[in-house]
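Student: Structure file upload_30.pdb (PDB, C-alpha atoms) right here:
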```pdb
ATOM      1  CA  MET A   1    -156.910-110.644 -63.401
ATOM      2  CA  SER A   2    -158.655-114.027 -63.046
ATOM      3  CA  LEU A   3    -159.273-113.533 -59.321
ATOM      4  CA  PHE A   4    -160.499-109.989 -60.001
ATOM      5  CA  VAL A   5    -163.093-111.360 -62.447
ATOM      6  CA  VAL A   6    -164.078-114.004 -59.877
ATOM      7  CA  CYS A   7    -164.680-111.215 -57.332
ATOM      8  CA  ILE A   8    -166.878-109.370 -59.836
ATOM      9  CA  PHE A   9    -168.860-112.518 -60.524
ATOM     10  CA  ALA A  10    -169.252-113.213 -56.791
ATOM     11  CA  LEU A  11    -170.687-109.707 -56.260
ATOM     12  CA  TYR A  12    -172.952-110.284 -59.248
ATOM     13  CA  ILE A  13    -174.367-113.441 -57.617
ATOM     14  CA  VAL A  14    -174.822-111.588 -54.313
ATOM     15  CA  SER A  15    -176.768-108.887 -56.177
ATOM     16  CA  PHE A  16    -179.511-111.458 -56.966
ATOM     17  CA  PHE A  17    -180.466-111.411 -53.273
ATOM     18  CA  SER A  18    -179.993-107.701 -52.571
ATOM     19  CA  GLY A  19    -183.432-106.306 -53.380
ATOM     20  CA  ASP A  20    -184.194-103.332 -55.603
ATOM     21  CA  ALA A  21    -181.515-101.116 -57.098
ATOM     22  CA  VAL A  22    -180.896 -97.854 -55.233
ATOM     23  CA  SER A  23    -178.579 -94.885 -55.612
ATOM     24  CA  MET A  24    -175.021 -95.330 -54.376
ATOM     25  CA  SER A  25    -174.639 -93.640 -51.005
ATOM     26  CA  LYS A  26    -171.524 -91.769 -49.913
ATOM     27  CA  ASP A  27    -170.866 -94.495 -47.333
ATOM     28  CA  ARG A  28    -170.945 -97.141 -50.042
ATOM     29  CA  THR A  29    -168.468 -95.350 -52.291
ATOM     30  CA  SER A  30    -166.243 -94.415 -49.326
ATOM     31  CA  ALA A  31    -166.049 -98.047 -48.211
ATOM     32  CA  LEU A  32    -165.123 -99.096 -51.725
ATOM     33  CA  LYS A  33    -162.434 -96.407 -52.005
ATOM     34  CA  SER A  34    -160.780 -97.557 -48.784
ATOM     35  CA  ILE A  35    -160.689-101.156 -50.008
ATOM     36  CA  MET A  36    -159.293-100.068 -53.385
ATOM     37  CA  ALA A  37    -156.562 -98.028 -51.653
ATOM     38  CA  ILE A  38    -155.267-101.052 -49.716
ATOM     39  CA  LEU A  39    -155.504-103.271 -52.792
ATOM     40  CA  ILE A  40    -153.400-100.836 -54.858
ATOM     41  CA  VAL A  41    -150.673-100.952 -52.194
ATOM     42  CA  LEU A  42    -150.722-104.765 -52.374
ATOM     43  CA  HIS A  43    -150.531-104.516 -56.160
ATOM     44  CA  HIS A  44    -147.470-102.268 -56.033
ATOM     45  CA  LEU A  45    -145.832-104.582 -53.502
ATOM     46  CA  SER A  46    -146.497-107.524 -55.819
ATOM     47  CA  LEU A  47    -144.603-105.707 -58.593
ATOM     48  CA  GLN A  48    -141.485-105.930 -56.408
ATOM     49  CA  GLY A  49    -141.420-109.695 -56.858
ATOM     50  CA  ILE A  50    -143.125-110.677 -53.605
ATOM     51  CA  THR A  51    -144.404-114.091 -54.595
ATOM     52  CA  PHE A  52    -147.233-114.533 -52.093
ATOM     53  CA  LEU A  53    -148.805-111.319 -53.454
ATOM     54  CA  GLY A  54    -148.549-112.495 -57.056
ATOM     55  CA  VAL A  55    -152.325-112.762 -57.305
ATOM     56  CA  PHE A  56    -152.504-108.936 -57.183
ATOM     57  CA  HIS A  57    -149.937-108.452 -59.957
ATOM     58  CA  SER A  58    -152.486-107.599 -62.665
ATOM     59  CA  TRP A  59    -154.942-105.735 -60.414
ATOM     60  CA  GLY A  60    -153.462-102.251 -60.889
ATOM     61  CA  ALA A  61    -155.412-100.959 -63.888
ATOM     62  CA  PRO A  62    -158.769-102.472 -62.781
ATOM     63  CA  ILE A  63    -158.422-100.884 -59.327
ATOM     64  CA  VAL A  64    -157.453 -97.511 -60.785
ATOM     65  CA  SER A  65    -160.386 -97.710 -63.207
ATOM     66  CA  ILE A  66    -162.796 -98.140 -60.280
ATOM     67  CA  PHE A  67    -161.175 -95.314 -58.309
ATOM     68  CA  LEU A  68    -161.385 -92.995 -61.334
ATOM     69  CA  PHE A  69    -164.983 -94.030 -61.934
ATOM     70  CA  LEU A  70    -165.887 -93.216 -58.311
ATOM     71  CA  SER A  71    -164.113 -89.852 -58.609
ATOM     72  CA  GLY A  72    -166.019 -88.871 -61.761
ATOM     73  CA  TYR A  73    -169.268 -90.191 -60.299
ATOM     74  CA  GLY A  74    -168.783 -88.184 -57.086
ATOM     75  CA  LEU A  75    -168.083 -84.945 -58.967
ATOM     76  CA  MET A  76    -171.187 -85.280 -61.125
ATOM     77  CA  LYS A  77    -173.426 -86.208 -58.184
ATOM     78  CA  SER A  78    -172.220 -83.123 -56.307
ATOM     79  CA  LEU A  79    -172.764 -80.923 -59.374
ATOM     80  CA  CYS A  80    -176.295 -82.297 -59.893
ATOM     81  CA  LYS A  81    -177.106 -81.718 -56.246
ATOM     82  CA  LYS A  82    -175.580 -78.249 -55.773
ATOM     83  CA  GLY A  83    -175.651 -76.819 -59.283
ATOM     84  CA  ASN A  84    -173.174 -74.170 -60.455
ATOM     85  CA  VAL A  85    -172.540 -73.137 -56.847
ATOM     86  CA  TYR A  86    -170.484 -76.313 -56.589
ATOM     87  CA  LEU A  87    -168.091 -75.019 -59.257
ATOM     88  CA  SER A  88    -167.633 -71.617 -57.612
ATOM     89  CA  ASN A  89    -165.176 -72.943 -55.003
ATOM     90  CA  PHE A  90    -164.067 -76.005 -56.972
ATOM     91  CA  PHE A  91    -160.396 -75.034 -57.224
ATOM     92  CA  SER A  92    -159.961 -74.142 -53.569
ATOM     93  CA  HIS A  93    -161.956 -77.057 -52.166
ATOM     94  CA  ARG A  94    -161.391 -79.948 -54.564
ATOM     95  CA  ILE A  95    -158.021 -79.148 -56.116
ATOM     96  CA  LEU A  96    -156.036 -77.083 -53.594
ATOM     97  CA  LYS A  97    -157.302 -78.584 -50.326
ATOM     98  CA  GLY A  98    -158.221 -82.029 -51.640
ATOM     99  CA  ILE A  99    -155.269 -82.817 -53.920
ATOM    100  CA  LEU A 100    -152.380 -80.326 -53.978
ATOM    101  CA  ILE A 101    -151.838 -79.750 -50.257
ATOM    102  CA  PRO A 102    -151.819 -83.493 -49.359
ATOM    103  CA  PHE A 103    -149.515 -84.166 -52.322
ATOM    104  CA  PHE A 104    -146.970 -81.498 -51.373
ATOM    105  CA  ILE A 105    -146.920 -82.739 -47.776
ATOM    106  CA  ALA A 106    -146.228 -86.337 -48.883
ATOM    107  CA  TRP A 107    -143.765 -85.139 -51.542
ATOM    108  CA  GLY A 108    -141.931 -83.060 -48.923
ATOM    109  CA  ILE A 109    -141.661 -86.010 -46.530
ATOM    110  CA  TYR A 110    -140.282 -88.210 -49.309
ATOM    111  CA  ARG A 111    -137.737 -85.574 -50.366
ATOM    112  CA  ILE A 112    -136.521 -85.134 -46.783
ATOM    113  CA  LEU A 113    -136.031 -88.900 -46.396
ATOM    114  CA  ASN A 114    -134.153 -89.144 -49.721
ATOM    115  CA  ILE A 115    -132.557 -85.706 -49.877
ATOM    116  CA  ALA A 116    -129.174 -86.938 -51.131
ATOM    117  CA  ASN A 117    -130.424 -89.052 -54.024
ATOM    118  CA  LEU A 118    -133.059 -86.965 -55.791
ATOM    119  CA  PRO A 119    -132.900 -84.719 -58.879
ATOM    120  CA  SER A 120    -133.370 -80.965 -58.671
ATOM    121  CA  ILE A 121    -136.920 -79.659 -58.757
ATOM    122  CA  HIS A 122    -136.301 -78.358 -62.301
ATOM    123  CA  ASP A 123    -135.157 -81.779 -63.474
ATOM    124  CA  GLU A 124    -138.082 -83.361 -61.646
ATOM    125  CA  LEU A 125    -140.521 -81.159 -63.588
ATOM    126  CA  VAL A 126    -138.839 -81.992 -66.906
ATOM    127  CA  MET A 127    -139.028 -85.717 -66.100
ATOM    128  CA  LEU A 128    -142.687 -85.364 -65.192
ATOM    129  CA  VAL A 129    -143.816 -83.403 -68.253
ATOM    130  CA  PHE A 130    -141.813 -85.155 -70.953
ATOM    131  CA  ASN A 131    -141.375 -88.658 -69.525
ATOM    132  CA  GLY A 132    -144.251 -89.136 -67.099
ATOM    133  CA  LEU A 133    -141.764 -89.936 -64.316
ATOM    134  CA  THR A 134    -142.476 -88.854 -60.737
ATOM    135  CA  VAL A 135    -140.062 -88.552 -57.815
ATOM    136  CA  LEU A 136    -142.657 -89.576 -55.242
ATOM    137  CA  PRO A 137    -143.298 -93.224 -56.199
ATOM    138  CA  HIS A 138    -146.707 -94.018 -57.714
ATOM    139  CA  SER A 139    -147.780 -90.363 -57.579
ATOM    140  CA  TRP A 140    -148.539 -90.247 -61.318
ATOM    141  CA  PHE A 141    -152.146 -90.644 -60.196
ATOM    142  CA  VAL A 142    -152.081 -87.172 -58.593
ATOM    143  CA  PHE A 143    -151.173 -85.431 -61.849
ATOM    144  CA  ALA A 144    -153.643 -87.489 -63.852
ATOM    145  CA  ILE A 145    -156.520 -86.734 -61.483
ATOM    146  CA  LEU A 146    -155.539 -83.045 -61.473
ATOM    147  CA  TYR A 147    -155.896 -82.952 -65.252
ATOM    148  CA  PHE A 148    -159.226 -84.813 -65.051
ATOM    149  CA  TYR A 149    -160.614 -82.452 -62.404
ATOM    150  CA  VAL A 150    -159.579 -79.351 -64.362
ATOM    151  CA  SER A 151    -161.086 -80.878 -67.512
ATOM    152  CA  PHE A 152    -164.334 -81.469 -65.634
ATOM    153  CA  TYR A 153    -164.360 -77.876 -64.379
ATOM    154  CA  ILE A 154    -163.728 -76.365 -67.818
ATOM    155  CA  SER A 155    -166.317 -78.593 -69.491
ATOM    156  CA  TYR A 156    -169.157 -77.984 -67.052
ATOM    157  CA  LYS A 157    -168.346 -74.380 -66.130
ATOM    158  CA  TYR A 158    -168.126 -72.925 -69.628
ATOM    159  CA  PHE A 159    -170.242 -75.228 -71.797
ATOM    160  CA  LYS A 160    -173.873 -76.328 -71.723
ATOM    161  CA  ASN A 161    -175.978 -79.393 -72.531
ATOM    162  CA  ILE A 162    -174.310 -82.075 -74.645
ATOM    163  CA  TYR A 163    -171.327 -79.807 -75.376
ATOM    164  CA  CYS A 164    -170.128 -80.320 -71.789
ATOM    165  CA  PHE A 165    -169.462 -83.990 -72.330
ATOM    166  CA  LEU A 166    -168.135 -83.527 -75.866
ATOM    167  CA  VAL A 167    -165.555 -81.022 -74.611
ATOM    168  CA  LEU A 168    -164.647 -83.366 -71.757
ATOM    169  CA  ILE A 169    -164.083 -86.289 -74.130
ATOM    170  CA  SER A 170    -162.008 -84.051 -76.415
ATOM    171  CA  LEU A 171    -159.782 -83.100 -73.487
ATOM    172  CA  PHE A 172    -159.384 -86.766 -72.583
ATOM    173  CA  ILE A 173    -158.406 -87.629 -76.155
ATOM    174  CA  LEU A 174    -155.748 -84.882 -76.019
ATOM    175  CA  TYR A 175    -154.533 -86.388 -72.741
ATOM    176  CA  GLU A 176    -154.263 -89.843 -74.345
ATOM    177  CA  ILE A 177    -152.373 -88.419 -77.321
ATOM    178  CA  TRP A 178    -149.920 -86.571 -75.068
ATOM    179  CA  CYS A 179    -149.247 -89.615 -72.885
ATOM    180  CA  GLN A 180    -148.647 -91.944 -75.799
ATOM    181  CA  ASN A 181    -146.644 -89.391 -77.829
ATOM    182  CA  TRP A 182    -144.166 -88.912 -74.959
ATOM    183  CA  ASN A 183    -144.130 -92.635 -74.096
ATOM    184  CA  TYR A 184    -145.627 -92.329 -70.636
ATOM    185  CA  ASP A 185    -146.104 -95.576 -68.771
ATOM    186  CA  ARG A 186    -149.447 -97.138 -69.731
ATOM    187  CA  CYS A 187    -150.754 -96.685 -66.162
ATOM    188  CA  TRP A 188    -151.218 -92.991 -67.058
ATOM    189  CA  TYR A 189    -153.749 -93.605 -69.801
ATOM    190  CA  ILE A 190    -155.032 -97.185 -69.908
ATOM    191  CA  SER A 191    -157.838 -96.566 -67.365
ATOM    192  CA  ALA A 192    -158.391 -92.857 -68.037
ATOM    193  CA  PHE A 193    -161.820 -93.129 -69.682
ATOM    194  CA  SER A 194    -163.236 -94.656 -66.494
ATOM    195  CA  PHE A 195    -163.499 -91.073 -65.218
ATOM    196  CA  PRO A 196    -165.961 -89.814 -67.889
ATOM    197  CA  VAL A 197    -167.849 -93.109 -67.488
ATOM    198  CA  GLY A 198    -168.348 -92.149 -63.832
ATOM    199  CA  ILE A 199    -169.576 -88.711 -64.890
ATOM    200  CA  LEU A 200    -172.112 -90.198 -67.297
ATOM    201  CA  ILE A 201    -173.389 -92.716 -64.748
ATOM    202  CA  GLY A 202    -173.637 -90.000 -62.081
ATOM    203  CA  LYS A 203    -175.683 -87.799 -64.426
ATOM    204  CA  TYR A 204    -178.087 -90.518 -65.588
ATOM    205  CA  GLU A 205    -178.124 -92.578 -62.399
ATOM    206  CA  ASN A 206    -181.887 -92.378 -61.859
ATOM    207  CA  ASN A 207    -182.614 -93.553 -65.416
ATOM    208  CA  ILE A 208    -180.166 -96.445 -65.029
ATOM    209  CA  ILE A 209    -181.702 -97.511 -61.717
ATOM    210  CA  GLU A 210    -185.214 -97.459 -63.195
ATOM    211  CA  ARG A 211    -184.009 -99.558 -66.126
ATOM    212  CA  ILE A 212    -182.409-102.093 -63.754
ATOM    213  CA  LYS A 213    -185.624-102.284 -61.719
ATOM    214  CA  SER A 214    -187.928-102.722 -64.700
ATOM    215  CA  SER A 215    -185.806-105.010 -66.869
ATOM    216  CA  LYS A 216    -184.438-108.499 -66.414
ATOM    217  CA  GLY A 217    -181.703-107.598 -68.875
ATOM    218  CA  TYR A 218    -179.455-106.768 -65.892
ATOM    219  CA  TYR A 219    -178.927-110.482 -65.292
ATOM    220  CA  PHE A 220    -177.605-110.969 -68.838
ATOM    221  CA  VAL A 221    -175.687-107.710 -69.342
ATOM    222  CA  ILE A 222    -172.967-108.462 -66.817
ATOM    223  CA  PRO A 223    -172.095-111.982 -68.091
ATOM    224  CA  ALA A 224    -172.145-110.580 -71.641
ATOM    225  CA  SER A 225    -169.834-107.727 -70.576
ATOM    226  CA  LEU A 226    -167.440-110.195 -68.943
ATOM    227  CA  PHE A 227    -167.416-112.218 -72.162
ATOM    228  CA  ILE A 228    -166.621-109.084 -74.194
ATOM    229  CA  MET A 229    -163.834-108.255 -71.731
ATOM    230  CA  ALA A 230    -162.351-111.711 -72.286
ATOM    231  CA  LEU A 231    -162.421-111.185 -76.055
ATOM    232  CA  CYS A 232    -160.718-107.793 -75.692
ATOM    233  CA  VAL A 233    -157.954-109.265 -73.534
ATOM    234  CA  TYR A 234    -157.518-112.107 -76.019
ATOM    235  CA  THR A 235    -156.826-109.649 -78.859
ATOM    236  CA  LYS A 236    -153.890-108.167 -76.884
ATOM    237  CA  MET A 237    -154.573-104.804 -78.575
ATOM    238  CA  GLU A 238    -154.056-101.630 -76.513
ATOM    239  CA  LEU A 239    -157.313-100.051 -77.724
ATOM    240  CA  ALA A 240    -159.201-103.200 -76.746
ATOM    241  CA  TYR A 241    -157.585-103.094 -73.288
ATOM    242  CA  MET A 242    -158.757 -99.499 -72.899
ATOM    243  CA  PHE A 243    -162.299-100.666 -73.650
ATOM    244  CA  VAL A 244    -161.955-103.295 -70.903
ATOM    245  CA  TYR A 245    -161.378-100.496 -68.394
ATOM    246  CA  VAL A 246    -164.513 -98.767 -69.615
ATOM    247  CA  LEU A 247    -166.545-101.946 -69.109
ATOM    248  CA  ILE A 248    -165.199-102.672 -65.613
ATOM    249  CA  PRO A 249    -166.631 -99.501 -63.998
ATOM    250  CA  ILE A 250    -169.918 -99.981 -65.872
ATOM    251  CA  ILE A 251    -170.195-103.506 -64.466
ATOM    252  CA  PHE A 252    -169.258-102.337 -60.991
ATOM    253  CA  ALA A 253    -171.794 -99.504 -61.137
ATOM    254  CA  ALA A 254    -174.606-101.889 -62.087
ATOM    255  CA  ILE A 255    -173.656-104.251 -59.271
ATOM    256  CA  LEU A 256    -173.230-101.460 -56.710
ATOM    257  CA  PHE A 257    -176.718-100.158 -57.423
ATOM    258  CA  LYS A 258    -177.893-103.545 -56.138
ATOM    259  CA  VAL A 259    -175.337-104.646 -53.532
ATOM    260  CA  LYS A 260    -175.411-102.725 -50.246
ATOM    261  CA  LEU A 261    -171.927-102.111 -48.835
ATOM    262  CA  GLU A 262    -172.930 -99.697 -46.070
ATOM    263  CA  ALA A 263    -172.525-102.507 -43.530
ATOM    264  CA  LEU A 264    -168.775-102.354 -44.150
ATOM    265  CA  MET A 265    -168.714 -98.869 -42.634
ATOM    266  CA  LYS A 266    -169.690-100.431 -39.304
ATOM    267  CA  PHE A 267    -166.147-101.766 -39.121
ATOM    268  CA  LYS A 268    -163.979 -99.080 -37.536
ATOM    269  CA  ILE A 269    -160.977 -99.918 -39.720
ATOM    270  CA  ILE A 270    -162.995 -99.430 -42.933
ATOM    271  CA  LYS A 271    -164.462 -96.185 -41.647
ATOM    272  CA  SER A 272    -161.017 -94.899 -40.671
ATOM    273  CA  LEU A 273    -159.439 -95.900 -43.973
ATOM    274  CA  SER A 274    -162.248 -94.254 -45.945
ATOM    275  CA  ASN A 275    -161.118 -90.884 -44.547
ATOM    276  CA  ILE A 276    -157.546 -91.321 -45.799
ATOM    277  CA  SER A 277    -157.946 -93.303 -49.036
ATOM    278  CA  PHE A 278    -156.253 -90.623 -51.172
ATOM    279  CA  GLU A 279    -153.480 -90.149 -48.596
ATOM    280  CA  ILE A 280    -152.803 -93.905 -48.720
ATOM    281  CA  TYR A 281    -152.076 -93.591 -52.448
ATOM    282  CA  LEU A 282    -149.622 -90.784 -51.632
ATOM    283  CA  SER A 283    -147.939 -92.492 -48.676
ATOM    284  CA  GLN A 284    -147.237 -95.988 -49.992
ATOM    285  CA  GLY A 285    -143.998 -94.979 -51.746
ATOM    286  CA  ILE A 286    -142.725 -93.310 -48.572
ATOM    287  CA  SER A 287    -143.181 -96.404 -46.427
ATOM    288  CA  MET A 288    -141.663 -98.617 -49.135
ATOM    289  CA  CYS A 289    -138.511 -96.454 -49.248
ATOM    290  CA  ILE A 290    -138.237 -96.610 -45.452
ATOM    291  CA  PHE A 291    -138.123-100.393 -45.247
ATOM    292  CA  ARG A 292    -136.343-101.132 -48.505
ATOM    293  CA  GLY A 293    -134.372 -97.998 -49.212
ATOM    294  CA  GLN A 294    -130.916 -96.522 -48.819
ATOM    295  CA  TYR A 295    -130.799 -96.824 -45.016
ATOM    296  CA  LEU A 296    -132.667-100.064 -44.356
ATOM    297  CA  HIS A 297    -133.464-103.189 -46.330
ATOM    298  CA  LEU A 298    -135.693-105.790 -44.696
ATOM    299  CA  GLU A 299    -134.974-109.263 -46.027
ATOM    300  CA  SER A 300    -138.220-110.875 -44.900
ATOM    301  CA  ASP A 301    -140.997-110.304 -47.448
ATOM    302  CA  TYR A 302    -143.665-110.962 -44.828
ATOM    303  CA  LEU A 303    -142.249-108.408 -42.389
ATOM    304  CA  TYR A 304    -141.738-105.913 -45.210
ATOM    305  CA  VAL A 305    -145.362-106.198 -46.369
ATOM    306  CA  VAL A 306    -146.811-105.923 -42.854
ATOM    307  CA  LEU A 307    -144.680-102.920 -41.904
ATOM    308  CA  THR A 308    -145.251-101.219 -45.265
ATOM    309  CA  LEU A 309    -149.027-101.517 -44.888
ATOM    310  CA  ALA A 310    -148.919-100.341 -41.260
ATOM    311  CA  PHE A 311    -146.630 -97.373 -41.941
ATOM    312  CA  THR A 312    -148.546 -96.409 -45.091
ATOM    313  CA  ILE A 313    -151.646 -95.975 -42.934
ATOM    314  CA  ILE A 314    -149.696 -94.132 -40.210
ATOM    315  CA  ILE A 315    -148.057 -91.752 -42.719
ATOM    316  CA  ALA A 316    -151.411 -91.219 -44.461
ATOM    317  CA  MET A 317    -152.914 -90.203 -41.108
ATOM    318  CA  LEU A 318    -149.946 -87.873 -40.536
ATOM    319  CA  VAL A 319    -150.432 -86.255 -43.965
ATOM    320  CA  LYS A 320    -154.131 -85.792 -43.172
ATOM    321  CA  TYR A 321    -153.310 -84.271 -39.777
ATOM    322  CA  ILE A 322    -150.724 -81.836 -41.201
ATOM    323  CA  ARG A 323    -153.201 -80.818 -43.909
ATOM    324  CA  LYS A 324    -155.924 -80.094 -41.352
ATOM    325  CA  THR A 325    -153.486 -78.147 -39.172
ATOM    326  CA  LEU A 326    -152.268 -76.017 -42.084
ATOM    327  CA  LEU A 327    -155.807 -75.246 -43.198
ATOM    328  CA  HIS A 328    -156.786 -74.382 -39.634
ATOM    329  CA  TYR A 329    -153.980 -71.855 -39.215
ATOM    330  CA  CYS A 330    -154.432 -70.443 -42.723
ATOM    331  CA  SER A 331    -158.191 -69.933 -42.391
TER     332      SER A 331
END
```
Write the structure described by the file as structure tokens, please.
Tutor:
Amino acid sequence: MSLFVVCIFALYIVSFFSGDAVSMSKDRTSALKSIMAILIVLHHLSLQGITFLGVFHSWGAPIVSIFLFLSGYGLMKSLCKKGNVYLSNFFSHRILKGILIPFFIAWGIYRILNIANLPSIHDELVMLVFNGLTVLPHSWFVFAILYFYVSFYISYKYFKNIYCFLVLISLFILYEIWCQNWNYDRCWYISAFSFPVGILIGKYENNIIERIKSSKGYYFVIPASLFIMALCVYTKMELAYMFVYVLIPIIFAAILFKVKLEALMKFKIIKSLSNISFEIYLSQGISMCIFRGQYLHLESDYLYVVLTLAFTIIIAMLVKYIRKTLLHYCS
């Protein structure tokens, strides 16, 4: 976590020389998503005891909080831009094509590779609902984001004004209660409220930017927020930790209004990864099981990490290609 905070502070210093605050462009958020996707793979590899990746061991929740923030932010920006028309094809475009089809492709690949050692689909569903356990490694994120997207749709399709956000928060509280009641792993819920933070910032982005432009308070808010984060971590209380992952996306949003990341999209690798960031999340467990699974176990940590990263990207591209092909033939 220390290095993560150092990175935040470095971006904060860079923001002093970045000119006026402006709205976050799609290129900026896409570049950030691609970086977050690779970092989450490194985090999961570090959890396997790979010592030279130990610095990423505590990066999981902060990275997820940023990804959830960007997801909520993107939904609200699209809704503000397109209005209720955006919600008319929300399930087919965002949920079916954007989440479910890529997931089932990755899930199918994983099941084929591990066909002899997996529970039945019925048992898999029971494990998922009542234990928060997923067969496809690290795919808890898919089910969490599905719930968040549906909650967003219900809140902004059927309610108006302030009631939209109140309903959304109520649904998130129910989600937290469910996860903790059934003893889900904390990854399911610890960063969850980053998503509604993204929705709020997306809705009031122009007001926030004007406040940053007209006030010097920006230069004090971020150090103060980092200090509050340190106090929350020091308490070692779960509720305080949840507040940390509300502050992290707020800090990142303030910095990203100032720091221009569009230049990163000039790098072909960043541009390519930005198109498969979600598929990378889905594919990491597949590549890990290939190189340290029932048929093969690489002894070298360095070779394992390099091949896992390379094959995660290759499999993510394959998932994307199969998805496009299916949609083409089904349209």
Student: Taking 4 positions as the minimum chain separation for residues in the same chain, which residues sit within 12 Å of Lys33 in chain A when counting all atoms listed in the file? Answer as a count of residues only.
Tutor: 33
Student: Give me the residues near Pro196 in chain A as an MDAnalysis selection string, where near means some atom within 10 Å (using all atoms listed in the file) and where sequence neighbours in that chain fewer than 6 positions away do not count.
Tutor: chainID A and resid 68:69 71:73 76 148 152 165 168:169 172 202 246
Student: Which is closest to Ile248 in chain A among A:Gly285, A:Gly198, A:Gly108, A:Gly49, if we use only C-alpha atoms?
Tutor: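 Ranking A:Gly285, A:Gly198, A:Gly108, A:Gly49 by distance to Ile248 in chain A, first place goes to A:Gly198.
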Student: Between A:Val306, A:Ile190, A:Ile290, A:Cys330, which is the closest to Tyr245 in chain A once you count only C-alpha atoms?
Tutor: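 When distances to Tyr245 in chain A are compared using only C-alpha atoms, the smallest one comes from A:Ile190.
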Student: Looking at all atoms listed in the file, which of A:Ile109, A:Val259, A:Leu133, A:Met288 is the one that sits closest to Asn183 in chain A?
Tutor: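 Residue with the minimum atom-to-atom distance to Asn183 in chain A: A:Leu133.
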Student: Using Å and a single decimal, report how far CA of Val142 in chain A sits from CA of Gly98 in chain A.
Tutor: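 Here the two named atoms are 10.6 Å from each other.
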Student: With all atoms listed in the file as the basis for distance, which of A:Lys157, A:Lys216, A:His122, A:Lys266 is at the shortest distance from Ser88 in chain A?
Tutor: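 The closest residue to Ser88 in chain A is A:Lys157.
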Student: Do you know which residues are at most 8 Å from Pro137 in chain A counting only C-alpha atoms, after dropping those on the same chain fewer than 2 positions away, and could you put them as a list in words?
Tutor: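 What passes the distance filter is Thr134, Val135, Ser139, Trp140, Gln284, Gly285 and Ile286 of chain A.
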Student: Determine the residue set returned by the PyMOL selection byres ((chain A and resi 312) around 8) for the present structure, and present it as a list in words.
Tutor: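 For this structure, the PyMOL selection byres ((chain A and resi 312) around 8) captures Ile280, Ser283, Gln284, Ile286, Ser287, Thr308, Leu309, Ala310, Phe311, Ile313, Ile314, Ile315 and Ala316 of chain A.
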Student: Got time to write the residues from that selection, C-alpha atoms, as a PDB file, keeping the file's coordinate frame?
Tutor:
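The resulting part.pdb:
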```pdb
ATOM      1  CA  ILE A 280    -152.803 -93.905 -48.720  1.00  0.00           C
ATOM      2  CA  SER A 283    -147.939 -92.492 -48.676  1.00  0.00           C
ATOM      3  CA  GLN A 284    -147.237 -95.988 -49.992  1.00  0.00           C
ATOM      4  CA  ILE A 286    -142.725 -93.310 -48.572  1.00  0.00           C
ATOM      5  CA  SER A 287    -143.181 -96.404 -46.427  1.00  0.00           C
ATOM      6  CA  THR A 308    -145.251-101.219 -45.265  1.00  0.00           C
ATOM      7  CA  LEU A 309    -149.027-101.517 -44.888  1.00  0.00           C
ATOM      8  CA  ALA A 310    -148.919-100.341 -41.260  1.00  0.00           C
ATOM      9  CA  PHE A 311    -146.630 -97.373 -41.941  1.00  0.00           C
ATOM     10  CA  ILE A 313    -151.646 -95.975 -42.934  1.00  0.00           C
ATOM     11  CA  ILE A 314    -149.696 -94.132 -40.210  1.00  0.00           C
ATOM     12  CA  ILE A 315    -148.057 -91.752 -42.719  1.00  0.00           C
ATOM     13  CA  ALA A 316    -151.411 -91.219 -44.461  1.00  0.00           C
TER      14      ALA A 316
END
```
Student: Tell me which of A:Tyr110, A:Phe195, A:Leu42, A:Ile201 sits closest to Gly54 in chain A, counting all atoms listed in the file.
Tutor: A:Leu42
Student: Measuring between only C-alpha atoms, which one of A:Ile95, A:Leu307, A:Ala61, A:Leu171 shows the shortest distance to Cys187 in chain A?
Tutor: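 Between A:Ile95, A:Leu307, A:Ala61, A:Leu171, the residue approaching Cys187 in chain A most closely is A:Ala61.
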Student: Distance CA of Met317 in chain A-CA of Leu75 in chain A, one decimal place?
Tutor: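 Atom-to-atom, CA of Met317 in chain A to CA of Leu75 in chain A, that is 24.0 Å.
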Student: Quick one, how far is CA of Val305 in chain A from CA of Ile101 in chain A?
Tutor: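 CA of Val305 in chain A sits 27.5 Å away from CA of Ile101 in chain A.
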Student: Write out as a list in words which residues come within 8 Å of Tyr304 in chain A when counting all atoms listed in the file, dropping same-chain ones fewer than 5 positions away.
Tutor: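 My list of contacting residues is Phe291, Arg292, Leu298 and Glu299 of chain A.
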Student: Applying 9 Å and only C-alpha atoms, which residues near Asp301 in chain A remain after dropping the ones on its own chain fewer than 5 positions away? List them as number ranges by chain.
Tutor: A: 50-52, 306
